[in-house]
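Colleague: Sharing my_file.pdb here; it has PDB, C-alpha atoms.
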ATOM      1  CA  MET G   1      34.867 128.244 213.291  1.00  0.00           C
ATOM      2  CA  ASN G   2      36.417 127.601 216.695  1.00  0.00           C
ATOM      3  CA  LYS G   3      37.847 130.475 218.717  1.00  0.00           C
ATOM      4  CA  ILE G   4      41.622 130.485 218.858  1.00  0.00           C
ATOM      5  CA  THR G   5      44.215 132.548 220.667  1.00  0.00           C
ATOM      6  CA  ARG G   6      47.092 134.285 218.989  1.00  0.00           C
ATOM      7  CA  ASP G   7      49.465 132.103 220.992  1.00  0.00           C
ATOM      8  CA  GLN G   8      47.940 128.973 219.443  1.00  0.00           C
ATOM      9  CA  ILE G   9      48.349 130.395 215.943  1.00  0.00           C
ATOM     10  CA  GLU G  10      51.976 131.221 216.641  1.00  0.00           C
ATOM     11  CA  LEU G  11      52.522 127.722 217.993  1.00  0.00           C
ATOM     12  CA  LEU G  12      51.017 126.245 214.805  1.00  0.00           C
ATOM     13  CA  ILE G  13      53.349 128.395 212.711  1.00  0.00           C
ATOM     14  CA  GLU G  14      56.298 127.293 214.834  1.00  0.00           C
ATOM     15  CA  LEU G  15      55.208 123.668 214.585  1.00  0.00           C
ATOM     16  CA  GLN G  16      55.017 123.898 210.818  1.00  0.00           C
ATOM     17  CA  GLY G  17      58.462 125.510 210.693  1.00  0.00           C
ATOM     18  CA  LYS G  18      59.980 122.697 212.770  1.00  0.00           C
ATOM     19  CA  GLU G  19      58.367 120.105 210.515  1.00  0.00           C
ATOM     20  CA  ALA G  20      59.571 121.865 207.366  1.00  0.00           C
ATOM     21  CA  ASP G  21      63.144 121.977 208.702  1.00  0.00           C
ATOM     22  CA  ALA G  22      62.933 118.316 209.717  1.00  0.00           C
ATOM     23  CA  ALA G  23      61.579 117.355 206.284  1.00  0.00           C
ATOM     24  CA  SER G  24      64.433 119.225 204.597  1.00  0.00           C
ATOM     25  CA  ILE G  25      67.017 117.374 206.682  1.00  0.00           C
ATOM     26  CA  GLN G  26      65.304 114.052 206.073  1.00  0.00           C
ATOM     27  CA  SER G  27      65.275 114.730 202.336  1.00  0.00           C
ATOM     28  CA  GLY G  28      69.026 115.294 202.426  1.00  0.00           C
ATOM     29  CA  LEU G  29      69.538 112.072 204.375  1.00  0.00           C
ATOM     30  CA  ASP G  30      67.367 110.170 201.904  1.00  0.00           C
ATOM     31  CA  GLU G  31      69.588 111.402 199.063  1.00  0.00           C
ATOM     32  CA  LEU G  32      72.763 110.167 200.771  1.00  0.00           C
ATOM     33  CA  PRO G  33      72.697 106.585 199.366  1.00  0.00           C
ATOM     34  CA  GLU G  34      72.313 107.993 195.842  1.00  0.00           C
ATOM     35  CA  LYS G  35      75.217 110.415 196.381  1.00  0.00           C
ATOM     36  CA  ILE G  36      77.423 107.584 197.589  1.00  0.00           C
ATOM     37  CA  ALA G  37      76.291 105.388 194.688  1.00  0.00           C
ATOM     38  CA  GLN G  38      77.192 108.136 192.206  1.00  0.00           C
ATOM     39  CA  ILE G  39      80.751 108.586 193.415  1.00  0.00           C
ATOM     40  CA  ALA G  40      81.146 104.803 193.710  1.00  0.00           C
ATOM     41  CA  SER G  41      79.855 104.271 190.157  1.00  0.00           C
ATOM     42  CA  GLY G  42      82.835 106.150 188.708  1.00  0.00           C
ATOM     43  CA  LEU G  43      85.106 103.939 190.765  1.00  0.00           C
ATOM     44  CA  LYS G  44      83.319 100.825 189.484  1.00  0.00           C
ATOM     45  CA  GLU G  45      83.749 101.952 185.865  1.00  0.00           C
ATOM     46  CA  PHE G  46      87.459 102.524 186.524  1.00  0.00           C
ATOM     47  CA  GLU G  47      87.738  99.078 188.087  1.00  0.00           C
ATOM     48  CA  ASP G  48      85.950  97.503 185.119  1.00  0.00           C
ATOM     49  CA  SER G  49      88.337  99.212 182.667  1.00  0.00           C
ATOM     50  CA  ILE G  50      91.302  97.755 184.570  1.00  0.00           C
ATOM     51  CA  ALA G  51      89.677  94.321 184.448  1.00  0.00           C
ATOM     52  CA  LEU G  52      89.396  94.637 180.646  1.00  0.00           C
ATOM     53  CA  LYS G  53      93.061  95.612 180.379  1.00  0.00           C
ATOM     54  CA  LYS G  54      93.988  92.592 182.511  1.00  0.00           C
ATOM     55  CA  GLU G  55      91.957  90.366 180.212  1.00  0.00           C
ATOM     56  CA  SER G  56      93.845  91.757 177.211  1.00  0.00           C
ATOM     57  CA  LEU G  57      97.124  91.151 179.038  1.00  0.00           C
ATOM     58  CA  SER G  58      96.053  87.593 179.782  1.00  0.00           C
ATOM     59  CA  GLU G  59      95.277  87.018 176.091  1.00  0.00           C
ATOM     60  CA  LEU G  60      98.710  88.345 175.117  1.00  0.00           C
ATOM     61  CA  LYS G  61     100.345  85.921 177.547  1.00  0.00           C
ATOM     62  CA  LYS G  62      98.316  83.067 176.088  1.00  0.00           C
ATOM     63  CA  VAL G  63      99.575  83.996 172.606  1.00  0.00           C
ATOM     64  CA  TYR G  64     103.126  84.145 173.955  1.00  0.00           C
ATOM     65  CA  ARG G  65     102.826  80.692 175.570  1.00  0.00           C
ATOM     66  CA  SER G  66     101.248  79.267 172.414  1.00  0.00           C
ATOM     67  CA  ASN G  67     104.069  80.647 170.265  1.00  0.00           C
ATOM     68  CA  ASP G  68     106.673  79.343 172.694  1.00  0.00           C
ATOM     69  CA  THR G  69     105.073  75.888 172.635  1.00  0.00           C
ATOM     70  CA  GLU G  70     104.985  75.916 168.822  1.00  0.00           C
ATOM     71  CA  VAL G  71     108.666  76.897 168.610  1.00  0.00           C
ATOM     72  CA  GLU G  72     109.588  74.056 170.954  1.00  0.00           C
ATOM     73  CA  ALA G  73     107.525  71.609 168.908  1.00  0.00           C
ATOM     74  CA  ASN G  74     109.169  72.814 165.678  1.00  0.00           C
ATOM     75  CA  SER G  75     112.602  72.548 167.252  1.00  0.00           C
ATOM     76  CA  ALA G  76     111.824  68.949 168.181  1.00  0.00           C
ATOM     77  CA  ARG G  77     110.718  68.302 164.567  1.00  0.00           C
ATOM     78  CA  ILE G  78     113.951  69.807 163.261  1.00  0.00           C
ATOM     79  CA  LYS G  79     116.019  67.603 165.555  1.00  0.00           C
ATOM     80  CA  LYS G  80     114.072  64.546 164.456  1.00  0.00           C
ATOM     81  CA  ARG G  81     114.511  65.376 160.753  1.00  0.00           C
ATOM     82  CA  GLU G  82     118.243  66.007 161.257  1.00  0.00           C
ATOM     83  CA  GLU G  83     118.561  62.525 162.782  1.00  0.00           C
ATOM     84  CA  GLN G  84     116.728  61.106 159.770  1.00  0.00           C
ATOM     85  CA  LEU G  85     119.305  62.678 157.458  1.00  0.00           C
ATOM     86  CA  ARG G  86     121.913  60.254 158.748  1.00  0.00           C
ATOM     87  CA  SER G  87     119.880  57.290 157.606  1.00  0.00           C
ATOM     88  CA  VAL G  88     118.634  58.380 154.141  1.00  0.00           C
ATOM     89  CA  THR G  89     119.882  56.445 151.134  1.00  0.00           C
ATOM     90  CA  THR G  90     118.942  58.653 148.212  1.00  0.00           C
ATOM     91  CA  ASN G  91     119.814  62.227 147.278  1.00  0.00           C
ATOM     92  CA  LYS G  92     116.161  62.981 146.525  1.00  0.00           C
ATOM     93  CA  GLU G  93     115.097  61.934 150.003  1.00  0.00           C
ATOM     94  CA  TYR G  94     118.017  63.873 151.486  1.00  0.00           C
ATOM     95  CA  GLN G  95     117.011  67.081 149.655  1.00  0.00           C
ATOM     96  CA  ALA G  96     113.347  66.682 150.657  1.00  0.00           C
ATOM     97  CA  ILE G  97     114.258  66.478 154.355  1.00  0.00           C
ATOM     98  CA  LEU G  98     116.598  69.451 154.043  1.00  0.00           C
ATOM     99  CA  LYS G  99     113.793  71.468 152.435  1.00  0.00           C
ATOM    100  CA  GLU G 100     111.393  70.488 155.225  1.00  0.00           C
ATOM    101  CA  ILE G 101     113.955  71.471 157.856  1.00  0.00           C
ATOM    102  CA  GLU G 102     114.444  74.838 156.136  1.00  0.00           C
ATOM    103  CA  GLU G 103     110.663  75.473 156.073  1.00  0.00           C
ATOM    104  CA  ILE G 104     110.369  74.612 159.753  1.00  0.00           C
ATOM    105  CA  LYS G 105     113.258  76.976 160.584  1.00  0.00           C
ATOM    106  CA  LYS G 106     111.590  79.776 158.590  1.00  0.00           C
ATOM    107  CA  SER G 107     108.357  79.133 160.459  1.00  0.00           C
ATOM    108  CA  ASN G 108     110.209  79.250 163.778  1.00  0.00           C
ATOM    109  CA  SER G 109     111.934  82.483 162.799  1.00  0.00           C
ATOM    110  CA  ARG G 110     108.583  84.060 161.945  1.00  0.00           C
ATOM    111  CA  ILE G 111     107.023  82.843 165.206  1.00  0.00           C
ATOM    112  CA  GLU G 112     110.019  84.090 167.218  1.00  0.00           C
ATOM    113  CA  ASP G 113     109.628  87.552 165.657  1.00  0.00           C
ATOM    114  CA  GLN G 114     105.941  87.486 166.631  1.00  0.00           C
ATOM    115  CA  THR G 115     106.916  86.333 170.118  1.00  0.00           C
ATOM    116  CA  LEU G 116     109.358  89.239 170.559  1.00  0.00           C
ATOM    117  CA  ALA G 117     106.661  91.681 169.454  1.00  0.00           C
ATOM    118  CA  CYS G 118     104.252  89.960 171.826  1.00  0.00           C
ATOM    119  CA  LEU G 119     106.746  90.370 174.683  1.00  0.00           C
ATOM    120  CA  ASP G 120     106.937  94.106 173.962  1.00  0.00           C
ATOM    121  CA  ASP G 121     103.135  94.277 174.000  1.00  0.00           C
ATOM    122  CA  ILE G 122     103.068  92.360 177.281  1.00  0.00           C
ATOM    123  CA  ASP G 123     105.590  94.772 178.844  1.00  0.00           C
ATOM    124  CA  ASP G 124     103.547  97.777 177.691  1.00  0.00           C
ATOM    125  CA  ALA G 125     100.304  96.212 178.921  1.00  0.00           C
ATOM    126  CA  GLU G 126     101.799  95.335 182.323  1.00  0.00           C
ATOM    127  CA  LYS G 127     103.064  98.905 182.751  1.00  0.00           C
ATOM    128  CA  GLU G 128      99.655 100.295 181.799  1.00  0.00           C
ATOM    129  CA  VAL G 129      97.858  97.959 184.203  1.00  0.00           C
ATOM    130  CA  LYS G 130     100.237  98.920 187.006  1.00  0.00           C
ATOM    131  CA  GLU G 131      99.731 102.639 186.317  1.00  0.00           C
ATOM    132  CA  LYS G 132      95.955 102.233 186.195  1.00  0.00           C
ATOM    133  CA  GLU G 133      95.958 100.237 189.431  1.00  0.00           C
ATOM    134  CA  GLU G 134      97.927 103.001 191.142  1.00  0.00           C
ATOM    135  CA  GLU G 135      95.483 105.581 189.791  1.00  0.00           C
ATOM    136  CA  PHE G 136      92.611 103.427 190.982  1.00  0.00           C
ATOM    137  CA  LEU G 137      94.027 103.195 194.503  1.00  0.00           C
ATOM    138  CA  ALA G 138      94.423 106.976 194.611  1.00  0.00           C
ATOM    139  CA  GLU G 139      90.868 107.510 193.365  1.00  0.00           C
ATOM    140  CA  GLU G 140      89.536 104.856 195.741  1.00  0.00           C
ATOM    141  CA  ALA G 141      91.173 106.673 198.660  1.00  0.00           C
ATOM    142  CA  GLU G 142      89.580 109.930 197.503  1.00  0.00           C
ATOM    143  CA  VAL G 143      86.164 108.288 197.176  1.00  0.00           C
ATOM    144  CA  ASN G 144      86.456 106.738 200.626  1.00  0.00           C
ATOM    145  CA  GLU G 145      87.400 110.149 202.001  1.00  0.00           C
ATOM    146  CA  GLN G 146      84.326 111.682 200.355  1.00  0.00           C
ATOM    147  CA  LYS G 147      82.139 108.908 201.737  1.00  0.00           C
ATOM    148  CA  ALA G 148      83.550 109.511 205.213  1.00  0.00           C
ATOM    149  CA  VAL G 149      82.710 113.226 204.898  1.00  0.00           C
ATOM    150  CA  PHE G 150      79.183 112.369 203.728  1.00  0.00           C
ATOM    151  CA  GLU G 151      78.701 109.975 206.636  1.00  0.00           C
ATOM    152  CA  SER G 152      80.077 112.473 209.136  1.00  0.00           C
ATOM    153  CA  ASP G 153      77.768 115.180 207.812  1.00  0.00           C
ATOM    154  CA  ALA G 154      74.879 112.709 207.874  1.00  0.00           C
ATOM    155  CA  ASP G 155      75.543 111.866 211.528  1.00  0.00           C
ATOM    156  CA  SER G 156      75.451 115.570 212.357  1.00  0.00           C
ATOM    157  CA  GLU G 157      72.223 115.984 210.374  1.00  0.00           C
ATOM    158  CA  ARG G 158      70.640 113.021 212.141  1.00  0.00           C
ATOM    159  CA  ARG G 159      71.395 114.620 215.494  1.00  0.00           C
ATOM    160  CA  SER G 160      69.863 117.877 214.264  1.00  0.00           C
ATOM    161  CA  LEU G 161      66.836 115.958 213.025  1.00  0.00           C
ATOM    162  CA  ASP G 162      66.380 114.216 216.365  1.00  0.00           C
ATOM    163  CA  ALA G 163      66.579 117.579 218.141  1.00  0.00           C
ATOM    164  CA  LEU G 164      64.058 119.140 215.752  1.00  0.00           C
ATOM    165  CA  LEU G 165      61.617 116.267 216.153  1.00  0.00           C
ATOM    166  CA  ALA G 166      61.880 116.568 219.932  1.00  0.00           C
ATOM    167  CA  GLN G 167      61.237 120.310 219.673  1.00  0.00           C
ATOM    168  CA  ARG G 168      58.334 119.621 217.339  1.00  0.00           C
ATOM    169  CA  ASP G 169      56.779 117.286 219.910  1.00  0.00           C
ATOM    170  CA  ASP G 170      57.244 119.893 222.652  1.00  0.00           C
ATOM    171  CA  VAL G 171      55.481 122.527 220.542  1.00  0.00           C
ATOM    172  CA  ALA G 172      52.700 120.130 219.533  1.00  0.00           C
ATOM    173  CA  ALA G 173      52.049 119.329 223.201  1.00  0.00           C
ATOM    174  CA  LYS G 174      51.158 122.993 223.817  1.00  0.00           C
ATOM    175  CA  ILE G 175      48.544 123.121 221.056  1.00  0.00           C
ATOM    176  CA  ASP G 176      44.889 122.241 221.550  1.00  0.00           C
ATOM    177  CA  PRO G 177      44.379 118.576 220.499  1.00  0.00           C
ATOM    178  CA  GLU G 178      41.389 119.456 218.293  1.00  0.00           C
ATOM    179  CA  LEU G 179      43.457 122.093 216.537  1.00  0.00           C
ATOM    180  CA  ILE G 180      46.258 119.573 216.005  1.00  0.00           C
ATOM    181  CA  LYS G 181      43.732 117.188 214.423  1.00  0.00           C
ATOM    182  CA  GLN G 182      42.556 119.896 212.054  1.00  0.00           C
ATOM    183  CA  TYR G 183      46.145 120.831 211.256  1.00  0.00           C
ATOM    184  CA  GLU G 184      47.116 117.207 210.501  1.00  0.00           C
ATOM    185  CA  LEU G 185      44.010 116.714 208.349  1.00  0.00           C
ATOM    186  CA  ILE G 186      44.772 119.792 206.251  1.00  0.00           C
ATOM    187  CA  LYS G 187      48.434 118.806 205.980  1.00  0.00           C
ATOM    188  CA  SER G 188      47.420 115.383 204.651  1.00  0.00           C
ATOM    189  CA  TYR G 189      45.909 116.861 201.500  1.00  0.00           C
ATOM    190  CA  ALA G 190      47.767 120.214 201.319  1.00  0.00           C
ATOM    191  CA  ARG G 191      51.079 118.283 201.362  1.00  0.00           C
ATOM    192  CA  ASP G 192      53.410 121.175 202.110  1.00  0.00           C
ATOM    193  CA  LEU G 193      51.758 123.866 204.209  1.00  0.00           C
ATOM    194  CA  ALA G 194      48.726 123.564 206.477  1.00  0.00           C
ATOM    195  CA  ILE G 195      48.736 127.133 207.793  1.00  0.00           C
ATOM    196  CA  VAL G 196      49.614 130.098 205.574  1.00  0.00           C
ATOM    197  CA  GLN G 197      49.787 133.863 205.776  1.00  0.00           C
ATOM    198  CA  VAL G 198      47.325 136.167 204.050  1.00  0.00           C
ATOM    199  CA  LYS G 199      48.723 139.356 202.473  1.00  0.00           C
ATOM    200  CA  ASP G 200      46.465 142.010 200.974  1.00  0.00           C
ATOM    201  CA  CYS G 201      43.548 139.556 200.750  1.00  0.00           C
ATOM    202  CA  ILE G 202      45.725 136.981 198.954  1.00  0.00           C
ATOM    203  CA  CYS G 203      46.257 133.499 200.370  1.00  0.00           C
ATOM    204  CA  MET G 204      49.970 132.719 200.204  1.00  0.00           C
ATOM    205  CA  GLY G 205      49.170 129.002 199.908  1.00  0.00           C
ATOM    206  CA  CYS G 206      47.259 129.128 196.626  1.00  0.00           C
ATOM    207  CA  ASN G 207      47.747 132.778 195.578  1.00  0.00           C
ATOM    208  CA  MET G 208      43.985 133.262 195.339  1.00  0.00           C
ATOM    209  CA  ASN G 209      41.982 136.188 196.712  1.00  0.00           C
ATOM    210  CA  ILE G 210      39.932 135.617 199.828  1.00  0.00           C
ATOM    211  CA  PRO G 211      36.774 137.648 200.541  1.00  0.00           C
ATOM    212  CA  PRO G 212      37.566 141.107 201.980  1.00  0.00           C
ATOM    213  CA  GLN G 213      35.228 140.442 204.918  1.00  0.00           C
ATOM    214  CA  MET G 214      37.195 137.330 205.838  1.00  0.00           C
ATOM    215  CA  TYR G 215      40.414 139.297 205.583  1.00  0.00           C
ATOM    216  CA  ASN G 216      39.051 141.945 207.948  1.00  0.00           C
ATOM    217  CA  GLU G 217      37.820 139.273 210.364  1.00  0.00           C
ATOM    218  CA  LEU G 218      41.286 137.728 210.446  1.00  0.00           C
ATOM    219  CA  HIS G 219      42.594 141.038 211.762  1.00  0.00           C
ATOM    220  CA  ARG G 220      40.026 141.606 214.460  1.00  0.00           C
ATOM    221  CA  GLU G 221      38.725 138.190 215.566  1.00  0.00           C
ATOM    222  CA  ASN G 222      40.411 135.313 217.372  1.00  0.00           C
ATOM    223  CA  GLU G 223      38.804 132.746 215.112  1.00  0.00           C
ATOM    224  CA  MET G 224      40.466 130.098 212.977  1.00  0.00           C
ATOM    225  CA  LYS G 225      39.522 130.522 209.332  1.00  0.00           C
ATOM    226  CA  THR G 226      40.458 128.484 206.278  1.00  0.00           C
ATOM    227  CA  CYS G 227      40.978 129.548 202.690  1.00  0.00           C
ATOM    228  CA  PRO G 228      37.813 129.010 200.626  1.00  0.00           C
ATOM    229  CA  HIS G 229      40.001 127.789 197.738  1.00  0.00           C
ATOM    230  CA  CYS G 230      42.787 125.590 199.150  1.00  0.00           C
ATOM    231  CA  HIS G 231      41.247 125.112 202.625  1.00  0.00           C
ATOM    232  CA  ARG G 232      44.480 125.856 204.456  1.00  0.00           C
ATOM    233  CA  MET G 233      44.416 127.586 207.832  1.00  0.00           C
ATOM    234  CA  LEU G 234      44.925 131.330 207.509  1.00  0.00           C
ATOM    235  CA  TYR G 235      46.669 133.972 209.616  1.00  0.00           C
ATOM    236  CA  VAL G 236      47.732 137.564 209.225  1.00  0.00           C
ATOM    237  CA  ILE G 237      50.694 139.419 210.666  1.00  0.00           C
ATOM    238  CA  GLN G 238      49.248 141.903 213.169  1.00  0.00           C
TER
END
Would you mind giving the structure from this file in structure tokens?
Modeller:
Amino acid sequence: MNKITRDQIELLIELQGKEADAASIQSGLDELPEKIAQIASGLKEFEDSIALKKESLSELKKVYRSNDTEVEANSARIKKREEQLRSVTTNKEYQAILKEIEEIKKSNSRIEDQTLACLDDIDDAEKEVKEKEEEFLAEEAEVNEQKAVFESDADSERRSLDALLAQRDDVAAKIDPELIKQYELIKSYARDLAIVQVKDCICMGCNMNIPPQMYNELHRENEMKTCPHCHRMLYVIQ
């Protein structure tokens, strides 16, 4: 193993701390789009529900227009049949036209009742749509406010991240290049920690016992040692 000063070990520990803090901030920033998507998804569902209510309202208006058109057509038929009454020559024909007129009037009366009920439904639906749209605008404003807070916090975190990365580079510049290479290599397969403390002969990286002799050497020698199990760099608190 290469000889190493205590200062270099402390710099490696500091370097790892800066990187861990930077990774934590970056993780939070990476989660930001998902957070925004989550609060926006509720808004989208609300918007979709309003769209469905508007579709129902549109269908009610179509029914109303259809009924209105049918009433007008029936009224025209009644007028036409009433004109025909003036020209009939037999009582039988006269009675038949009267009966037809009566049936058309009954049909119109039934359709008009349906139309009045449809108008009530339209009024109720329009009120509901208006209320939901007002609720949507209020919720949209709240969501936009939340998004603004998220973005503001993210800007602050990005500045902190930039500062940490700059500090990390300053620390790394003070460490022996060969030691940095070893550190980066270990970090590539250890994922989280490249240098870990040893307590009572136990490696804090893998929680395995290291040989007592190695533990003693860590206390008295300025030599970089790695865990025989997880191969992380080791240090002890003097």
Colleague: My list of candidates is G:Arg110, G:Glu34, G:Asp176, G:Arg81. Which is closest to Ala96 (chain G) when distances are computed with only C-alpha atoms?
Modeller: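 Checking each of G:Arg110, G:Glu34, G:Asp176, G:Arg81 against Ala96 (chain G), counting only C-alpha atoms, the winner is G:Arg81.
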Colleague: Kindly resolve the PyMOL selection byres ((chain G and resi 209-224) around 9) on the present coordinates and return the residues as a list in words.
Modeller: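 This file, filtered by the PyMOL selection byres ((chain G and resi 209-224) around 9), leaves Met1, Asn2, Lys3, Ile4, Thr5, Arg6, Ile9, Val198, Lys199, Asp200, Cys201, Ile202, Cys203, Cys206, Asn207, Met208, Lys225, Thr226, Cys227, Pro228, His229, Met233, Leu234, Tyr235, Val236, Ile237 and Gln238 of chain G.
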Colleague: Taking the file above as input, evaluate the PyMOL selection byres ((chain G and resi 82-86) around 12) and report the hits as an MDAnalysis selection string.
Modeller: chainID G and resid 75:81 87:102 104
Colleague: Work out how far apart CA of Ile186 (chain G) and CA of Arg232 (chain G) are and give it in Å to one decimal.
Modeller: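 So the answer is 6.3 Å.
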Colleague: Can you tell me which residues surround Glu139 (chain G) at a distance of at most 12 Å, considering all atoms listed in the file, apart from same-chain residues fewer than 2 positions away, and format the answer as a PyMOL selection string?
Modeller: chain G and resi 39-47+132-137+141-146
Colleague: Once the PyMOL selection byres ((chain G and resi 57) around 9) is applied to the coordinates I shared, what remains selected? I want it as a list of chain:residue names.
Modeller: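 After applying the PyMOL selection byres ((chain G and resi 57) around 9), what remains is G:Leu52, G:Lys53, G:Lys54, G:Glu55, G:Ser56, G:Ser58, G:Glu59, G:Leu60, G:Lys61, G:Lys62, G:Asp121, G:Ile122, G:Ala125, G:Glu126, G:Val129.
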Colleague: Could the residues in this selection be saved with C-alpha atoms as a PDB file, keeping the file's coordinate frame?
Modeller:
ATOM      1  CA  LEU G  52      89.396  94.637 180.646  1.00  0.00           C
ATOM      2  CA  LYS G  53      93.061  95.612 180.379  1.00  0.00           C
ATOM      3  CA  LYS G  54      93.988  92.592 182.511  1.00  0.00           C
ATOM      4  CA  GLU G  55      91.957  90.366 180.212  1.00  0.00           C
ATOM      5  CA  SER G  56      93.845  91.757 177.211  1.00  0.00           C
ATOM      6  CA  SER G  58      96.053  87.593 179.782  1.00  0.00           C
ATOM      7  CA  GLU G  59      95.277  87.018 176.091  1.00  0.00           C
ATOM      8  CA  LEU G  60      98.710  88.345 175.117  1.00  0.00           C
ATOM      9  CA  LYS G  61     100.345  85.921 177.547  1.00  0.00           C
ATOM     10  CA  LYS G  62      98.316  83.067 176.088  1.00  0.00           C
ATOM     11  CA  ASP G 121     103.135  94.277 174.000  1.00  0.00           C
ATOM     12  CA  ILE G 122     103.068  92.360 177.281  1.00  0.00           C
ATOM     13  CA  ALA G 125     100.304  96.212 178.921  1.00  0.00           C
ATOM     14  CA  GLU G 126     101.799  95.335 182.323  1.00  0.00           C
ATOM     15  CA  VAL G 129      97.858  97.959 184.203  1.00  0.00           C
TER      16      VAL G 129
END
Colleague: Just give me the gap between CA of Tyr64 (chain G) and CA of Asp48 (chain G) in Å, one decimal is fine.
Modeller: 24.5 Å
Colleague: Between G:Glu70, G:Ser109, G:Val171, G:Leu32, which residue has the minimum interatomic distance to Ala148 (chain G), considering only C-alpha atoms?
Modeller: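 Of the candidates, the smallest distance to Ala148 (chain G) is held by G:Leu32.
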Colleague: Please measure the separation of CA of Gly28 (chain G) and CA of Gly205 (chain G), giving the value in Å to one decimal.
Modeller: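 CA of Gly205 (chain G) lies 24.3 Å from CA of Gly28 (chain G).
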Colleague: So that I can check the surroundings of Glu157 (chain G), please list as a ChimeraX atom specification every protein, DNA and RNA residue that reaches within 9 Å of it, counting all atoms listed in the file and ignoring chain neighbours fewer than 2 positions away.
Modeller: /G:25-26,28-29,152-155,159-162
Colleague: Write out as a ChimeraX atom specification each polymer residue whose atoms come within 9 Å of Glu112 (chain G), counting only C-alpha atoms; drop sequence neighbours fewer than 6 positions from it.
Modeller: /G:67-68,71
Colleague: From the options G:Asp21, G:Glu128, G:Ala172, G:Thr69, which residue's atoms come nearest to Ile111 (chain G), counting all atoms listed in the file?
Modeller: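 Answer, going by the shortest atom-to-atom distance: G:Thr69.
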Colleague: Draw an axis-aligned box over all listed atoms of region 207-220 of chain G, pad each side with 4 Å, and write its centre and edge lengths in Å, one decimal, as AutoDock Vina command-line options.
Modeller:
--center_x 41.5 --center_y 137.4 --center_z 204.9 --size_x 20.5 --size_y 17.2 --size_z 27.1
Colleague: Tell me which of G:Ser188, G:Phe150, G:Glu103, G:Met204 sits closest to Ala37 (chain G), counting all atoms listed in the file.
Modeller: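 Ranked by minimum distance to Ala37 (chain G), first place goes to G:Phe150.
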Colleague: Tell me which of G:Ile13, G:Ile36, G:Ala20, G:Ile180 sits closest to Val149 (chain G), counting all atoms listed in the file.
Modeller: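 Closest to Val149 (chain G), using all atoms listed in the file: G:Ile36.
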Colleague: Could N, CA and C atoms be built for region 92-105 of chain G and written out as an mmCIF file, in the frame of the given file?
Modeller:
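The resulting selection.cif:
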data_model
loop_
_atom_site.group_PDB
_atom_site.id
_atom_site.type_symbol
_atom_site.label_atom_id
_atom_site.label_comp_id
_atom_site.auth_asym_id
_atom_site.auth_seq_id
_atom_site.Cartn_x
_atom_site.Cartn_y
_atom_site.Cartn_z
ATOM 1 N N LYS G 92 117.489 62.375 146.592
ATOM 2 C CA LYS G 92 116.161 62.981 146.525
ATOM 3 C C LYS G 92 115.529 63.075 147.921
ATOM 4 N N GLU G 93 115.668 61.966 148.649
ATOM 5 C CA GLU G 93 115.097 61.934 150.003
ATOM 6 C C GLU G 93 115.855 62.906 150.901
ATOM 7 N N TYR G 94 117.165 62.972 150.693
ATOM 8 C CA TYR G 94 118.017 63.873 151.486
ATOM 9 C C TYR G 94 117.594 65.341 151.258
ATOM 10 N N GLN G 95 117.402 65.718 150.000
ATOM 11 C CA GLN G 95 117.011 67.081 149.655
ATOM 12 C C GLN G 95 115.614 67.424 150.199
ATOM 13 N N ALA G 96 114.714 66.451 150.168
ATOM 14 C CA ALA G 96 113.347 66.682 150.657
ATOM 15 C C ALA G 96 113.352 66.993 152.150
ATOM 16 N N ILE G 97 114.190 66.242 152.905
ATOM 17 C CA ILE G 97 114.258 66.478 154.355
ATOM 18 C C ILE G 97 114.909 67.830 154.641
ATOM 19 N N LEU G 98 115.949 68.152 153.866
ATOM 20 C CA LEU G 98 116.598 69.451 154.043
ATOM 21 C C LEU G 98 115.616 70.596 153.806
ATOM 22 N N LYS G 99 114.796 70.439 152.755
ATOM 23 C CA LYS G 99 113.793 71.468 152.435
ATOM 24 C C LYS G 99 112.777 71.612 153.569
ATOM 25 N N GLU G 100 112.361 70.462 154.121
ATOM 26 C CA GLU G 100 111.393 70.488 155.225
ATOM 27 C C GLU G 100 111.992 71.172 156.448
ATOM 28 N N ILE G 101 113.276 70.846 156.708
ATOM 29 C CA ILE G 101 113.955 71.471 157.856
ATOM 30 C C ILE G 101 114.026 72.985 157.659
ATOM 31 N N GLU G 102 114.337 73.410 156.429
ATOM 32 C CA GLU G 102 114.444 74.838 156.136
ATOM 33 C C GLU G 102 113.100 75.544 156.338
ATOM 34 N N GLU G 103 111.995 74.904 155.920
ATOM 35 C CA GLU G 103 110.663 75.473 156.073
ATOM 36 C C GLU G 103 110.296 75.609 157.556
ATOM 37 N N ILE G 104 110.669 74.578 158.315
ATOM 38 C CA ILE G 104 110.369 74.612 159.753
ATOM 39 C C ILE G 104 111.158 75.735 160.423
ATOM 40 N N LYS G 105 112.432 75.908 160.003
ATOM 41 C CA LYS G 105 113.258 76.976 160.584
ATOM 42 C C LYS G 105 112.694 78.349 160.235
#
